[in-house]
Each structure stands twice: as structure tokens, then as C-alpha cells.
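Q: Submitted below is the structure of interest, expressed as C-alpha cells.
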Amino acid sequence: GLPAGLQSTVFTFSNVCIQSTLNSFGTAAVAGSSAALNYEFFAYFPVVAFGQAAVTFSSQNFGAGQYDRCRKIFRQTMLLSLVCAEVMGLGFVFGKELFVRFFTAEADVAEFAYIRMCTLLPFYFLVPLYEVGGAALRGIGHSLAPAVLTVLGMAIGIGAILAVITLGDAGRAQVKSEMARLGIDRVWLTASEGQTLRHGDAQLLSSALGASATEQVYAPVEARAGRSEESCVLVGCSREYMDMMGTSVLRGRDLYAAEWQPGARSVLLGAGLA
């Protein structure tokens, strides 16, 4: 009826707000989020199925005056959906590298997919609380309450997103103002000890600052010369960095992405890496 339609409308509007914000982080973020979203659907659909079971059997038993059965149905569908959602969510998180590989082989896209999966899927046990709970209420004739609660929750979520966007715009303006005051046009960022800035981080910085940003290549690889093989660290800069600095390669060639990805195998030819 009307409450359920209102609830679906609010969901759609909130998704538009989230997607528009996500688009500002660049194509890699959008692609990575889309890849992770597929596994959210896998964890969500069983919850919807239990919700449909709850509304169907609750309405039948409520009409027959079997109120004890209504409570039993609610407890069983809620428990089963909680277990199912959490087991599937954690399973996708622990196997994220395998599952994301079905959709992309690009490291920066996969990194964004990992972020979304690790942020959302461990908390999918919260989904049945409103999905099955709302279904059970609709089954006994209280369709307005879950719709109002959903609208209220979405309003809070959208407000939080708008607040984050506003804070981001204010931070960007402050950084640009400070750079102009100091008379500089470049900023070097160093990660904390044991951490590295990746291509996805550079894209986020570029989007946040409204300026070009790139990362330094720092990857452990396996180097082989003849029959000997050693682990080493490949350090260099990206093509984007050279473009920003106005430099070029005098001799040799750029390394392909597959050659500098962590764990890649490279061959030493004399003193050069090929």
C-alpha cells in the first residue's frame, strides 16, 4: 500500500544521494563499489526471503487468532535471517580477494571494492532488524510504523552524507587557501610507517583537492637472473608523476602494471629490469 510505496521512494532517493557522492571519487571508486554491491545483494536477498515468509505466515495466523504462532514466526525468521546475513557477509569479507577477482583485475578498483565490503558486510546482521521486523508488523496490520521508522532513518543517513560533503568542501577550500598563502603549487604526502599510498588513495586526494595527485611505486617483486631468484623491492614513480613534474624517460621504457604489482615476477637483464 501507500506506506510501502513511501518506503521504497525514500530508499531510491537515498541511493541517488549516495551514488552522486560516490561519483565524485572517480571511476575506480564507482567500479569498485559496483563490484562489491553484487555481494551485498547476495547477502540481502535471503533476508528479503525471510521477510516475505514473515509477512505471509504472520498475516495468516493473525487472521486466525493464533497470536502465539505469530510470535514464534517472528523469532524464527529473525534468527534465521540474522545468521544467514552475517555468515554470508563475513564469508564474502574473508574471501574478498577471490570474489572481487571475478569482476576486475585492476588493483585500484579492487581496493575500493575491498573498502566497501569490509565496511558494510560485517554489519549485515543489522539488516534483518528492519527488514524482518517491518515485515512482521505489516503482517499484523501495522504497515505505517515501519514506513515511518524507515523514512526517519533514511533522513538521518542523508543528513549525515550532506554533512560529510559540506565538511569536505570546507576542508578543500582551507587547503587551497593555505597553499596560496604559502605560494606553493605542490604538496608531498608521506604515509605513516609501515603504510603506503596507493593509486586509489591518489585518486581520492585528487578528487578531494580538485588537483592532480599521484603515488610513488613501492612494491615487493620477485627478481630472477639465470637460475637464481631473489625477493626485492621495486621503487619508482608513476607516469602521472613524471607528467606533473615535466620529466621524461631518456632511455628504456615504462614498466607495465603487471610488472610492478606486488608479487610480480620480473627478469634482470644485466643491470636493467625488464
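All residue names refer to the C-alpha cells as shown: chains lettered A, B, ... in order, residues numbered from 1 in each chain, ligands numbered from 1 in order.
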Neighbouring residues of Val30 of chain A were defined as those with any atom within 12 Å, considering only C-alpha atoms; residues of the same chain fewer than 2 positions away were excluded. Please report them as a list in words.

A: Ile18, Gln19, Ser20, Thr21, Leu22, Asn23, Ser24, Phe25, Gly26, Thr27, Ala28, Gly32, Ser33, Ser34, Ala35, Ala36, Leu37, Asp108, Val109, Ala110, Glu111, Phe112, Ala113, Arg116, Gly200, Gln203 and Leu204 of chain A

Q: Residues at most 12 Å from Tyr44 of chain A, counting only C-alpha atoms, excluding those fewer than 6 positions away in the same chain, as a count of residues only?

A: 22

Q: Just give me the gap between atom CA of Leu79 of chain A and atom CA of Tyr67 of chain A in Å, one decimal is fine.

A: 18.6 Å

Q: I need the residue nearest Phe62 of chain A from this list: A:Leu137, A:Leu144, A:Thr77, A:Ala43. Use only C-alpha atoms for the distance.

A: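 Selected residue with least distance to Phe62 of chain A: A:Leu137.
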
Q: Please indicate the distance in Å from atom CA of Val83 of chain A to atom CA of Gly63 of chain A, rounded to one decimal place.

A: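 Value for the atom CA of Val83 of chain A-atom CA of Gly63 of chain A distance: 28.9 Å.
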
Q: Determine the nearest neighbour of Gly139 of chain A from the options A:Phe45, A:Phe57, A:Phe13, A:Tyr39, counting only C-alpha atoms.

A: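 Using only C-alpha atoms, the shortest distance to Gly139 of chain A belongs to A:Phe57.
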
Q: Just to confirm, what's the straight-line distance from atom CA of Tyr114 of chain A to atom CA of Val93 of chain A in Å (one decimal)?

A: 7.9 Å
